[in-house]
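**Q** To be precise about what I am sending: the file is called entry.cif and holds mmCIF, C-alpha atoms and all ligand atoms.
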```cif
data_structure
loop_
_atom_site.label_atom_id
_atom_site.label_comp_id
_atom_site.auth_asym_id
_atom_site.auth_seq_id
_atom_site.Cartn_x
_atom_site.Cartn_y
_atom_site.Cartn_z
CA MET A 1 66.10 46.42 176.73
CA ALA A 2 67.44 47.10 173.25
CA LEU A 3 70.79 45.49 172.46
CA LEU A 4 73.53 47.66 171.08
CA PRO A 5 75.34 46.21 168.05
CA PRO A 6 78.85 45.05 168.98
CA THR A 7 81.57 47.52 168.02
CA SER A 8 83.92 44.67 167.17
CA MET A 9 83.74 40.90 166.93
CA PRO A 10 87.28 39.65 167.50
CA THR A 11 86.30 35.98 167.42
CA ILE A 12 84.59 36.34 164.04
CA GLU A 13 87.51 38.37 162.75
CA ALA A 14 89.86 35.60 163.89
CA ILE A 15 87.78 32.99 162.03
CA TYR A 16 87.90 35.04 158.83
CA ARG A 17 91.66 35.63 159.19
CA LYS A 18 92.27 31.90 159.72
CA ARG A 19 90.43 31.08 156.52
CA GLU A 20 92.39 33.74 154.65
CA GLU A 21 95.70 32.34 155.97
CA ARG A 22 94.74 28.83 154.87
CA GLN A 23 93.66 29.70 151.34
CA GLY A 24 96.05 28.38 148.75
CA ASP A 25 97.41 30.31 145.79
CA GLY A 26 94.30 29.43 143.73
CA TRP A 27 96.47 28.28 140.81
CA ARG A 28 95.03 25.19 139.18
CA ALA A 29 97.15 22.88 137.07
CA HIS A 30 94.63 22.89 134.23
CA LEU A 31 92.11 25.20 132.62
CA GLY A 32 88.84 24.30 134.35
CA ALA A 33 85.55 23.43 132.64
CA SER A 34 83.82 25.54 135.29
CA SER A 35 85.39 28.68 133.81
CA ILE A 36 85.31 27.93 130.07
CA GLY A 37 82.01 29.80 129.65
CA ASN A 38 83.82 33.06 130.46
CA GLU A 39 83.22 35.37 127.51
CA CYS A 40 86.75 36.77 127.73
CA GLU A 41 89.48 34.45 126.37
CA ARG A 42 92.10 36.87 127.67
CA ALA A 43 90.82 36.28 131.22
CA LEU A 44 90.99 32.52 130.66
CA TRP A 45 94.59 32.85 129.44
CA PHE A 46 95.56 34.83 132.56
CA THR A 47 93.94 32.18 134.74
CA PHE A 48 95.73 29.35 132.94
CA ARG A 49 99.03 31.25 133.10
CA TRP A 50 98.78 32.10 136.83
CA ALA A 51 99.03 35.81 136.06
CA THR A 52 97.13 36.86 139.20
CA GLN A 53 97.31 35.54 142.71
CA THR A 54 93.76 36.16 143.83
CA ARG A 55 93.18 36.66 147.53
CA ARG A 56 89.62 36.14 148.83
CA SER A 57 88.14 37.48 152.04
CA GLY A 58 87.37 35.03 154.85
CA ARG A 59 83.68 35.72 154.42
CA LEU A 60 83.80 34.90 150.70
CA LEU A 61 85.81 31.74 151.29
CA ARG A 62 83.13 30.65 153.74
CA LEU A 63 80.44 31.38 151.16
CA PHE A 64 82.20 29.17 148.60
CA GLU A 65 82.26 26.40 151.18
CA THR A 66 78.51 26.80 151.67
CA GLY A 67 78.04 25.75 148.04
CA GLN A 68 80.27 22.69 148.52
CA LEU A 69 78.52 21.63 151.73
CA ALA A 70 75.14 21.82 149.98
CA GLU A 71 76.12 18.95 147.67
CA ALA A 72 75.61 16.30 150.34
CA ARG A 73 72.07 17.57 150.94
CA PHE A 74 71.27 17.53 147.23
CA VAL A 75 72.47 13.93 147.05
CA ASP A 76 70.42 12.92 150.11
CA ASP A 77 67.32 14.55 148.65
CA LEU A 78 67.76 12.81 145.30
CA ARG A 79 68.35 9.44 146.93
CA SER A 80 65.30 9.92 149.17
CA VAL A 81 63.09 9.78 146.07
CA GLY A 82 64.82 6.73 144.61
CA VAL A 83 67.41 8.36 142.34
CA GLU A 84 70.68 6.41 142.08
CA VAL A 85 73.46 8.97 142.49
CA HIS A 86 77.18 8.30 142.13
CA GLU A 87 79.59 11.00 143.20
CA ILE A 88 82.76 8.92 142.86
CA GLY A 89 83.91 6.16 140.53
CA GLU A 90 85.16 2.66 141.38
CA ASP A 91 88.62 4.09 141.99
CA GLY A 92 87.22 6.22 144.85
CA ALA A 93 87.89 9.47 143.00
CA GLN A 94 85.48 12.04 141.62
CA PHE A 95 84.50 11.50 137.98
CA SER A 96 86.84 13.69 135.99
CA VAL A 97 87.23 14.53 132.33
CA ASN A 98 90.05 16.09 130.36
CA ALA A 99 90.94 17.25 126.87
CA CYS A 100 93.44 19.48 125.05
CA ARG A 101 96.45 17.22 125.77
CA GLY A 102 95.52 17.08 129.44
CA HIS A 103 95.43 20.85 129.99
CA PHE A 104 91.64 21.23 130.10
CA GLY A 105 89.23 19.40 132.37
CA GLY A 106 87.30 19.22 135.59
CA SER A 107 85.53 17.02 138.10
CA MET A 108 81.82 16.34 137.82
CA ASP A 109 79.50 16.59 140.83
CA GLY A 110 78.08 13.18 139.94
CA VAL A 111 76.04 11.01 137.61
CA ALA A 112 72.53 9.72 138.25
CA LEU A 113 70.00 7.17 137.04
CA GLY A 114 66.32 7.23 137.93
CA ILE A 115 65.61 10.94 137.53
CA ILE A 116 61.82 10.82 137.67
CA GLU A 117 61.35 12.79 134.44
CA ALA A 118 63.48 10.24 132.48
CA PRO A 119 64.20 7.24 134.72
CA LYS A 120 66.13 5.12 132.19
CA THR A 121 68.61 7.82 131.16
CA TRP A 122 71.96 8.43 132.83
CA HIS A 123 72.39 12.10 133.64
CA LEU A 124 75.35 14.23 134.56
CA VAL A 125 74.36 15.93 137.84
CA GLU A 126 75.36 19.54 138.45
CA MET A 127 74.48 21.04 141.86
CA LYS A 128 74.52 24.78 142.56
CA THR A 129 73.37 27.23 145.21
CA HIS A 130 72.11 30.73 144.33
CA ASN A 131 71.27 33.93 146.11
CA ALA A 132 67.65 35.05 145.85
CA LYS A 133 68.19 37.34 142.86
CA SER A 134 70.13 34.76 140.87
CA PHE A 135 67.58 32.07 141.75
CA ALA A 136 64.69 34.25 140.54
CA ALA A 137 66.50 34.78 137.22
CA LEU A 138 67.13 31.04 136.96
CA LYS A 139 63.44 30.28 137.42
CA LYS A 140 62.43 32.96 134.94
CA ASP A 141 64.96 32.38 132.16
CA GLY A 142 66.42 28.91 132.67
CA VAL A 143 70.05 27.97 133.16
CA ALA A 144 71.29 28.60 129.58
CA LYS A 145 70.32 32.26 129.67
CA SER A 146 70.68 33.12 133.34
CA LYS A 147 73.84 31.12 134.11
CA PRO A 148 75.77 30.59 130.85
CA ALA A 149 78.90 29.57 132.78
CA HIS A 150 77.01 26.66 134.39
CA TRP A 151 75.46 25.75 131.02
CA SER A 152 78.89 25.69 129.36
CA GLN A 153 80.35 23.62 132.18
CA MET A 154 77.63 21.00 131.75
CA GLN A 155 78.04 20.95 127.96
CA ALA A 156 81.78 20.37 128.27
CA TYR A 157 81.29 17.61 130.85
CA MET A 158 78.57 15.82 128.88
CA HIS A 159 80.60 15.95 125.67
CA LEU A 160 83.76 14.61 127.31
CA ALA A 161 82.01 12.02 129.50
CA GLY A 162 79.87 10.57 126.70
CA LEU A 163 76.55 11.63 128.29
CA ASP A 164 73.76 13.41 126.45
CA ARG A 165 71.62 14.65 129.33
CA ALA A 166 72.34 16.66 132.48
CA PHE A 167 70.23 17.26 135.56
CA TYR A 168 70.80 20.74 136.98
CA ILE A 169 69.61 21.04 140.57
CA ALA A 170 69.77 24.35 142.39
CA ALA A 171 68.79 25.78 145.76
CA ASN A 172 67.87 29.27 146.86
CA LYS A 173 70.20 30.01 149.79
CA ASP A 174 67.63 32.35 151.36
CA THR A 175 64.56 30.11 151.26
CA ASP A 176 65.88 26.62 150.43
CA GLU A 177 63.48 26.42 147.52
CA LEU A 178 64.71 23.91 144.93
CA TYR A 179 64.78 24.15 141.13
CA SER A 180 65.72 21.59 138.50
CA GLU A 181 66.18 21.54 134.78
CA ARG A 182 67.10 18.78 132.37
CA VAL A 183 69.71 19.92 129.88
CA LYS A 184 70.33 18.32 126.50
CA LEU A 185 73.81 17.99 125.04
CA ASP A 186 74.49 20.51 122.27
CA GLU A 187 77.36 18.73 120.57
CA ALA A 188 78.31 21.59 118.26
CA PHE A 189 78.36 24.06 121.15
CA ALA A 190 80.47 21.70 123.27
CA MET A 191 82.97 21.24 120.45
CA ARG A 192 83.30 24.99 120.12
CA LEU A 193 84.07 25.15 123.84
CA ILE A 194 86.86 22.59 123.44
CA ALA A 195 88.23 24.55 120.49
CA LYS A 196 88.14 27.68 122.66
CA ALA A 197 90.07 25.89 125.40
CA ASP A 198 92.62 24.74 122.82
CA ARG A 199 93.09 28.30 121.58
CA VAL A 200 93.66 29.62 125.10
CA ILE A 201 96.06 26.83 126.09
CA ASN A 202 98.18 27.08 122.95
CA ALA A 203 98.36 30.88 122.76
CA PRO A 204 101.92 32.02 123.65
CA GLU A 205 100.61 35.51 124.45
CA PRO A 206 97.32 36.77 125.94
CA PRO A 207 94.60 36.99 123.29
CA PRO A 208 92.59 40.21 122.86
CA GLY A 209 90.20 40.95 125.71
CA ILE A 210 86.51 41.68 125.73
CA SER A 211 87.25 45.40 126.30
CA SER A 212 90.21 47.76 126.55
CA ASP A 213 88.27 49.95 128.98
CA PRO A 214 88.92 48.98 132.63
CA SER A 215 85.57 50.53 133.57
CA PHE A 216 83.65 48.12 131.30
CA TYR A 217 81.31 46.21 133.61
CA LEU A 218 82.91 42.76 133.06
CA CYS A 219 86.41 44.19 133.55
CA ARG A 220 85.40 45.85 136.83
CA PHE A 221 84.58 42.41 138.28
CA CYS A 222 87.52 40.59 136.68
CA ASP A 223 90.27 39.20 138.92
CA HIS A 224 92.82 40.00 136.23
CA SER A 225 91.94 43.65 135.62
CA ALA A 226 95.21 45.08 137.00
CA ILE A 227 97.32 42.66 134.96
CA CYS A 228 95.18 42.97 131.85
CA HIS A 229 95.39 46.73 131.78
CA ARG A 230 99.09 46.48 132.68
CA GLU A 231 98.88 48.46 135.90
CA THR A 232 101.06 45.92 137.70
CA LEU A 233 103.46 43.09 136.91
CA ALA A 234 102.35 39.48 137.15
CA PRO A 235 104.01 37.19 139.73
CA ARG A 236 107.15 35.43 138.61
CA ASN A 237 106.38 31.75 138.04
CA CYS A 238 106.93 29.39 135.11
CA ARG A 239 103.51 30.08 133.63
CA THR A 240 104.32 33.79 133.17
CA CYS A 241 107.79 33.01 131.78
CA LEU A 242 108.47 33.12 128.05
CA HIS A 243 110.57 29.94 128.31
CA SER A 244 107.64 27.68 129.22
CA THR A 245 105.29 25.78 126.90
CA PRO A 246 102.35 23.48 127.68
CA VAL A 247 103.07 20.06 126.18
CA ASP A 248 101.38 16.63 126.02
CA GLY A 249 100.12 14.91 129.15
CA GLY A 250 99.15 18.15 130.89
CA GLN A 251 102.85 18.88 131.38
CA TRP A 252 104.96 22.01 130.96
CA ASP A 253 108.33 22.16 129.27
CA CYS A 254 111.10 24.66 130.03
CA GLU A 255 113.14 25.39 126.94
CA ARG A 256 115.76 27.24 129.05
CA TRP A 257 116.66 24.18 131.09
CA HIS A 258 115.37 21.57 128.60
CA ARG A 259 113.16 19.68 130.99
CA ILE A 260 109.64 18.99 132.16
CA LEU A 261 108.63 20.98 135.24
CA SER A 262 106.75 19.66 138.25
CA LEU A 263 103.81 21.67 139.56
CA ASP A 264 105.84 22.89 142.55
CA GLU A 265 108.70 23.95 140.28
CA GLN A 266 106.25 25.86 138.09
CA LYS A 267 104.95 27.74 141.11
CA ALA A 268 108.46 28.58 142.33
CA GLY A 269 109.93 29.59 138.96
CA CYS A 270 113.70 30.23 138.82
CA GLY A 271 116.21 33.02 138.44
CA ALA A 272 116.16 32.70 134.66
CA HIS A 273 112.52 33.81 134.56
CA LYS A 274 111.69 36.33 131.84
CA TYR A 275 108.22 37.68 131.34
CA VAL A 276 106.04 36.86 128.36
CA PRO A 277 106.53 40.30 126.74
CA ALA A 278 102.81 41.09 126.51
CA LEU A 279 102.70 41.06 130.32
CA VAL A 280 105.09 44.01 130.50
CA ASN A 281 103.86 47.59 130.05
CA GLY A 282 106.50 48.45 127.49
CA GLU A 283 108.02 47.59 124.12
CA VAL A 284 110.91 45.17 123.61
CA LYS A 285 113.95 47.19 122.53
CA ASP A 286 116.62 44.52 122.56
CA THR A 287 117.45 41.03 123.80
CA THR A 288 120.78 39.95 125.22
CA ASP A 289 121.98 36.53 126.41
CA ASP A 290 120.53 37.07 129.86
CA ALA A 291 118.00 39.90 129.55
CA VAL A 292 115.13 41.37 127.58
CA VAL A 293 115.39 45.16 127.41
CA TYR A 294 112.15 47.14 127.39
CA VAL A 295 111.30 50.77 126.80
CA MET A 296 108.55 51.21 129.33
CA ALA A 297 105.36 53.20 128.78
CA GLY A 298 106.89 56.14 130.73
CA GLY A 299 110.02 56.16 128.52
CA SER A 300 112.48 54.53 130.96
CA GLU A 301 114.47 51.39 130.14
CA TRP A 302 113.91 48.20 132.09
CA TYR A 303 116.04 45.05 132.01
CA ASP A 304 114.10 41.86 132.59
CA SER A 305 117.25 39.97 133.47
CA GLU A 306 118.29 36.68 135.01
CA VAL A 307 119.12 36.86 138.69
CA PRO A 308 120.99 34.45 140.99
CA TRP A 309 118.50 31.99 142.44
S1 LIG B 401 89.89 42.95 132.57
FE1 LIG B 401 88.32 42.71 130.97
S2 LIG B 401 89.42 42.37 129.05
FE2 LIG B 401 90.84 42.08 130.73
S3 LIG B 401 90.85 39.89 131.12
FE3 LIG B 401 89.36 40.78 132.50
S4 LIG B 401 87.40 40.71 131.41
FE4 LIG B 401 89.01 40.36 129.92
S1 LIG B 402 113.39 29.58 132.89
FE1 LIG B 402 112.87 29.22 135.06
S2 LIG B 402 110.97 30.38 135.37
FE2 LIG B 402 111.26 30.13 133.16
S3 LIG B 402 110.13 28.28 132.61
FE3 LIG B 402 112.23 27.69 133.01
S4 LIG B 402 112.29 27.05 135.16
FE4 LIG B 402 110.43 28.28 134.83
#
```
Please rewrite the model in this file as structure tokens.
**A**
Amino acid sequence: MALLPPTSMPTIEAIYRKREERQGDGWRAHLGASSIGNECERALWFTFRWATQTRRSGRLLRLFETGQLAEARFVDDLRSVGVEVHEIGEDGAQFSVNACRGHFGGSMDGVALGIIEAPKTWHLVEMKTHNAKSFAALKKDGVAKSKPAHWSQMQAYMHLAGLDRAFYIAANKDTDELYSERVKLDEAFAMRLIAKADRVINAPEPPPGISSDPSFYLCRFCDHSAICHRETLAPRNCRTCLHSTPVDGGQWDCERWHRILSLDEQKAGCGAHKYVPALVNGEVKDTTDDAVVYVMAGGSEWYDSEVPW
């Protein structure tokens, strides 16, 4: 007897909803090495400045977790053939690196010794899962060409961790076929990545984007498209406020209240928030003690003013 497909799956829906409820705001304290390969510096600036609160579907959140759960299997497989893998340092924390006065960095998947192709060389280990199409491209073209974001991530990590080789290990999620590639440090490339991070972090306003056309293929898949093309206002938090500045030690200073802000305070913002003008779809007409006055794209006036908090 043929089974009819279920018309609804309330239990599965509940699982997805639970994951969606539990997702955080997605705002990271620092600019991550995993994203520095993004071709669009404007997108990186929006990410660093918490300009978009991205909401993911429960299914997608589960898919991200699939990649994280795969790491333990990669480590087991490597150890099974005699590779010494370390995922955490002596302090019990993941190996992390940072640069740009503490505003750029990330955590490495691990380091390894005994990779059979070069057993005496310490390697950064980067572990990734791919769908079948992405895996086929990886096998055909290698990681630098098929996954430039992963390549850039490894270059930044190697440069900052003092390693000159990486071992990229990947799995096809459909077939569980494995792929590996040894990657050599390209010091000049890595230094350009750090300079790029510095530019993004220190820019008071969003830099030019890769396209001004929202239908451009990279813009269509960009989390920040609505903000970038000024179709909506960014959330109010300290990172979108013109009074904040990233300072030494990965910290943020508020020139309105003359103090360093905790991460929670940055997320909450305050009643004196005023947008970085480039985030507003209008031109600054005037500034008063407690407001910035804009002429909006439609011709109306808008007061970005302090409110009781
Ligand atoms: S929408 Fe396009 S131009 Fe704007 S930030 Fe995203 S990728 Fe860059
Ligand atoms: S004025 Fe308020 S919102 Fe702006 S940076 Fe200072 S504390 Fe944050």
**Q** Using all atoms listed in the file, I'd like a table of the residues in chain A that come within 12 Å of ligand LIG 401 (chain B); for each, show the closest atom pair and its distance in Å rounded to one decimal, ordered by chain and ascending number, as a tab-separated table.
**A**
```
residue	atom	partner	partner_atom	distance
A:Asn38	CA	B:LIG401	S4	8.5
A:Glu39	CA	B:LIG401	S4	7.8
A:Cys40	CA	B:LIG401	FE4	4.8
A:Glu41	CA	B:LIG401	FE4	6.9
A:Arg42	CA	B:LIG401	S3	4.8
A:Ala43	CA	B:LIG401	S3	3.6
A:Leu44	CA	B:LIG401	S3	7.4
A:Trp45	CA	B:LIG401	S3	8.1
A:Phe46	CA	B:LIG401	S3	7.1
A:Thr47	CA	B:LIG401	S3	9.1
A:Phe48	CA	B:LIG401	S3	11.8
A:Ala51	CA	B:LIG401	S3	10.4
A:Thr52	CA	B:LIG401	S3	10.7
A:Pro206	CA	B:LIG401	S3	8.9
A:Pro207	CA	B:LIG401	S3	9.2
A:Pro208	CA	B:LIG401	S2	7.3
A:Gly209	CA	B:LIG401	S2	3.7
A:Ile210	CA	B:LIG401	S2	4.5
A:Ser211	CA	B:LIG401	S2	4.6
A:Ser212	CA	B:LIG401	S2	6.0
A:Asp213	CA	B:LIG401	FE1	7.5
A:Pro214	CA	B:LIG401	S1	6.1
A:Ser215	CA	B:LIG401	FE1	8.7
A:Phe216	CA	B:LIG401	FE1	7.2
A:Tyr217	CA	B:LIG401	FE1	8.3
A:Leu218	CA	B:LIG401	S4	5.2
A:Cys219	CA	B:LIG401	FE1	3.5
A:Arg220	CA	B:LIG401	S1	6.8
A:Phe221	CA	B:LIG401	S4	7.6
A:Cys222	CA	B:LIG401	FE3	4.6
A:Asp223	CA	B:LIG401	FE3	6.7
A:His224	CA	B:LIG401	FE3	5.1
A:Ser225	CA	B:LIG401	S1	3.7
A:Ala226	CA	B:LIG401	S1	7.2
A:Ile227	CA	B:LIG401	FE2	7.8
A:Cys228	CA	B:LIG401	FE2	4.6
A:His229	CA	B:LIG401	FE2	6.6
A:Arg230	CA	B:LIG401	FE2	9.6
A:Glu231	CA	B:LIG401	S1	11.1
A:Leu279	CA	B:LIG401	FE2	11.9
```
**Q** I'd like a table as JSON lines: residues in chain A with an atom no more than 12 Å from ligand LIG 402 (chain B), each row giving the shortest atom pair and its distance in Å to one decimal, all atoms listed in the file counted, sorted by chain and rising residue number.
**A**
```
{"residue": "A:Arg49", "atom": "CA", "partner": "B:LIG402", "partner_atom": "S3", "distance": 11.5}
{"residue": "A:Pro235", "atom": "CA", "partner": "B:LIG402", "partner_atom": "S2", "distance": 10.7}
{"residue": "A:Arg236", "atom": "CA", "partner": "B:LIG402", "partner_atom": "S2", "distance": 7.1}
{"residue": "A:Asn237", "atom": "CA", "partner": "B:LIG402", "partner_atom": "S2", "distance": 5.5}
{"residue": "A:Cys238", "atom": "CA", "partner": "B:LIG402", "partner_atom": "FE4", "distance": 3.7}
{"residue": "A:Arg239", "atom": "CA", "partner": "B:LIG402", "partner_atom": "S3", "distance": 6.9}
{"residue": "A:Thr240", "atom": "CA", "partner": "B:LIG402", "partner_atom": "S2", "distance": 7.8}
{"residue": "A:Cys241", "atom": "CA", "partner": "B:LIG402", "partner_atom": "FE2", "distance": 4.7}
{"residue": "A:Leu242", "atom": "CA", "partner": "B:LIG402", "partner_atom": "FE2", "distance": 6.5}
{"residue": "A:His243", "atom": "CA", "partner": "B:LIG402", "partner_atom": "S3", "distance": 4.6}
{"residue": "A:Ser244", "atom": "CA", "partner": "B:LIG402", "partner_atom": "S3", "distance": 4.2}
{"residue": "A:Thr245", "atom": "CA", "partner": "B:LIG402", "partner_atom": "S3", "distance": 7.9}
{"residue": "A:Pro246", "atom": "CA", "partner": "B:LIG402", "partner_atom": "S3", "distance": 10.4}
{"residue": "A:Gln251", "atom": "CA", "partner": "B:LIG402", "partner_atom": "S3", "distance": 12.0}
{"residue": "A:Trp252", "atom": "CA", "partner": "B:LIG402", "partner_atom": "S3", "distance": 8.3}
{"residue": "A:Asp253", "atom": "CA", "partner": "B:LIG402", "partner_atom": "S3", "distance": 7.2}
{"residue": "A:Cys254", "atom": "CA", "partner": "B:LIG402", "partner_atom": "FE3", "distance": 4.4}
{"residue": "A:Glu255", "atom": "CA", "partner": "B:LIG402", "partner_atom": "FE3", "distance": 6.6}
{"residue": "A:Arg256", "atom": "CA", "partner": "B:LIG402", "partner_atom": "S1", "distance": 5.1}
{"residue": "A:Trp257", "atom": "CA", "partner": "B:LIG402", "partner_atom": "FE3", "distance": 6.0}
{"residue": "A:His258", "atom": "CA", "partner": "B:LIG402", "partner_atom": "FE3", "distance": 8.2}
{"residue": "A:Arg259", "atom": "CA", "partner": "B:LIG402", "partner_atom": "FE3", "distance": 8.3}
{"residue": "A:Ile260", "atom": "CA", "partner": "B:LIG402", "partner_atom": "S4", "distance": 9.0}
{"residue": "A:Leu261", "atom": "CA", "partner": "B:LIG402", "partner_atom": "S4", "distance": 7.1}
{"residue": "A:Ser262", "atom": "CA", "partner": "B:LIG402", "partner_atom": "S4", "distance": 9.7}
{"residue": "A:Leu263", "atom": "CA", "partner": "B:LIG402", "partner_atom": "FE4", "distance": 10.5}
{"residue": "A:Asp264", "atom": "CA", "partner": "B:LIG402", "partner_atom": "FE4", "distance": 10.5}
{"residue": "A:Glu265", "atom": "CA", "partner": "B:LIG402", "partner_atom": "S4", "distance": 7.0}
{"residue": "A:Gln266", "atom": "CA", "partner": "B:LIG402", "partner_atom": "FE4", "distance": 5.8}
{"residue": "A:Lys267", "atom": "CA", "partner": "B:LIG402", "partner_atom": "FE4", "distance": 8.4}
{"residue": "A:Ala268", "atom": "CA", "partner": "B:LIG402", "partner_atom": "S2", "distance": 7.6}
{"residue": "A:Gly269", "atom": "CA", "partner": "B:LIG402", "partner_atom": "S2", "distance": 3.8}
{"residue": "A:Cys270", "atom": "CA", "partner": "B:LIG402", "partner_atom": "FE1", "distance": 4.0}
{"residue": "A:Gly271", "atom": "CA", "partner": "B:LIG402", "partner_atom": "FE1", "distance": 6.1}
{"residue": "A:Ala272", "atom": "CA", "partner": "B:LIG402", "partner_atom": "S1", "distance": 4.5}
{"residue": "A:His273", "atom": "CA", "partner": "B:LIG402", "partner_atom": "S2", "distance": 3.9}
{"residue": "A:Lys274", "atom": "CA", "partner": "B:LIG402", "partner_atom": "FE2", "distance": 6.4}
{"residue": "A:Tyr275", "atom": "CA", "partner": "B:LIG402", "partner_atom": "FE2", "distance": 8.3}
{"residue": "A:Val276", "atom": "CA", "partner": "B:LIG402", "partner_atom": "FE2", "distance": 9.8}
{"residue": "A:Asp290", "atom": "CA", "partner": "B:LIG402", "partner_atom": "S1", "distance": 10.8}
{"residue": "A:Ala291", "atom": "CA", "partner": "B:LIG402", "partner_atom": "S1", "distance": 11.8}
{"residue": "A:Ser305", "atom": "CA", "partner": "B:LIG402", "partner_atom": "S1", "distance": 11.1}
{"residue": "A:Glu306", "atom": "CA", "partner": "B:LIG402", "partner_atom": "S1", "distance": 8.9}
{"residue": "A:Val307", "atom": "CA", "partner": "B:LIG402", "partner_atom": "FE1", "distance": 10.5}
{"residue": "A:Pro308", "atom": "CA", "partner": "B:LIG402", "partner_atom": "FE1", "distance": 11.3}
{"residue": "A:Trp309", "atom": "CA", "partner": "B:LIG402", "partner_atom": "FE1", "distance": 9.7}
```
**Q** Please identify all polymer residues within 12 Å of Glu117 of chain A, counting only C-alpha atoms, omitting same-chain residues fewer than 4 positions from it, and present them as a VMD selection string.
**A** chain A and resid 83 113 121 to 123 165 to 167 180 to 183
**Q** When you look at segment 283-289 of chain A with a cut-off of 10 Å (counting all atoms listed in the file), what residues show up, excluding the ones that are within fewer than 5 positions of it in the same chain? I need them as JSON, numbers by chain.
**A** {"A": [277, 278, 294, 295, 296, 297, 299, 301, 302, 303, 304, 305, 306]}
**Q** Tell me, as a ChimeraX atom specification, which residues lie within 8 Å of Lys196 of chain A, counting all atoms listed in the file; anything in the same chain fewer than 3 positions away does not count.
**A** /A:36,41,192-193,199-200
**Q** Find the residues around Ala99 of chain A up to 12 Å (all atoms listed in the file counted), leave out those fewer than 6 positions away in its own chain, and share them as a list of chain:residue names.
**A**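 In the requested format, the answer is A:His30, A:Leu31, A:Gly32, A:Ala33, A:Gly105, A:Gly106, A:Ala156, A:Tyr157, A:His159, A:Leu160, A:Ala161, A:Ala190, A:Met191, A:Leu193, A:Ile194, A:Ala195, A:Lys196, A:Ala197, A:Asp198, A:Ile201, A:Asp248, A:Gly249, A:Gly250.
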**Q** Work out how far atom CA of Lys173 of chain A is from atom CA of Ala132 of chain A, in Å to one decimal.
**A**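 About the pair atom CA of Ala132 of chain A and atom CA of Lys173 of chain A: they are 6.9 Å apart.
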**Q** For a quick check of understanding, using all atoms listed in the file, which of A:Glu71, A:Glu13, A:Glu84, A:Glu20 has the smallest distance to Gly58 of chain A?
**A**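 Comparing A:Glu71, A:Glu13, A:Glu84, A:Glu20 against Gly58 of chain A, the winner is A:Glu20.
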**Q** Kindly give the distance, in Å, that separates atom CA of Val293 of chain A and atom CA of Pro204 of chain A, rounded to a single decimal.
**A**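 Separating atom CA of Val293 of chain A from atom CA of Pro204 of chain A is a distance of 19.2 Å.
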**Q** Identify, on the basis of all atoms listed in the file, every residue whose closest approach to Ala144 of chain A does not exceed 12 Å; exclude the query and any residue fewer than 5 positions from it along the same chain; express the result as a ChimeraX atom specification.
**A** /A:37,137-139,149-155,168,181-186,189
**Q** Using C-alpha atoms, can you export the residues from the last selection as a PDB file, in the coordinates of the input?
**A**
```pdb
ATOM      1  CA  GLY A  37      82.010  29.800 129.650  1.00  0.00           C
ATOM      2  CA  ALA A 137      66.500  34.780 137.220  1.00  0.00           C
ATOM      3  CA  LEU A 138      67.130  31.040 136.960  1.00  0.00           C
ATOM      4  CA  LYS A 139      63.440  30.280 137.420  1.00  0.00           C
ATOM      5  CA  ALA A 149      78.900  29.570 132.780  1.00  0.00           C
ATOM      6  CA  HIS A 150      77.010  26.660 134.390  1.00  0.00           C
ATOM      7  CA  TRP A 151      75.460  25.750 131.020  1.00  0.00           C
ATOM      8  CA  SER A 152      78.890  25.690 129.360  1.00  0.00           C
ATOM      9  CA  GLN A 153      80.350  23.620 132.180  1.00  0.00           C
ATOM     10  CA  MET A 154      77.630  21.000 131.750  1.00  0.00           C
ATOM     11  CA  GLN A 155      78.040  20.950 127.960  1.00  0.00           C
ATOM     12  CA  TYR A 168      70.800  20.740 136.980  1.00  0.00           C
ATOM     13  CA  GLU A 181      66.180  21.540 134.780  1.00  0.00           C
ATOM     14  CA  ARG A 182      67.100  18.780 132.370  1.00  0.00           C
ATOM     15  CA  VAL A 183      69.710  19.920 129.880  1.00  0.00           C
ATOM     16  CA  LYS A 184      70.330  18.320 126.500  1.00  0.00           C
ATOM     17  CA  LEU A 185      73.810  17.990 125.040  1.00  0.00           C
ATOM     18  CA  ASP A 186      74.490  20.510 122.270  1.00  0.00           C
ATOM     19  CA  PHE A 189      78.360  24.060 121.150  1.00  0.00           C
TER      20      PHE A 189
END
```
**Q** Suppose you want the space between atom CA of Ala170 of chain A and atom CA of Val111 of chain A; what is it in Å?
**A**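 Straight-line distance from atom CA of Ala170 of chain A to atom CA of Val111 of chain A works out to 15.5 Å.
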**Q** For a quick check of understanding, using only C-alpha atoms, which of A:Gly82, A:Tyr16, A:Val292, A:Ser34 has the smallest distance to Pro148 of chain A?
**A**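 Among A:Gly82, A:Tyr16, A:Val292, A:Ser34, it is A:Ser34 that comes nearest to Pro148 of chain A.
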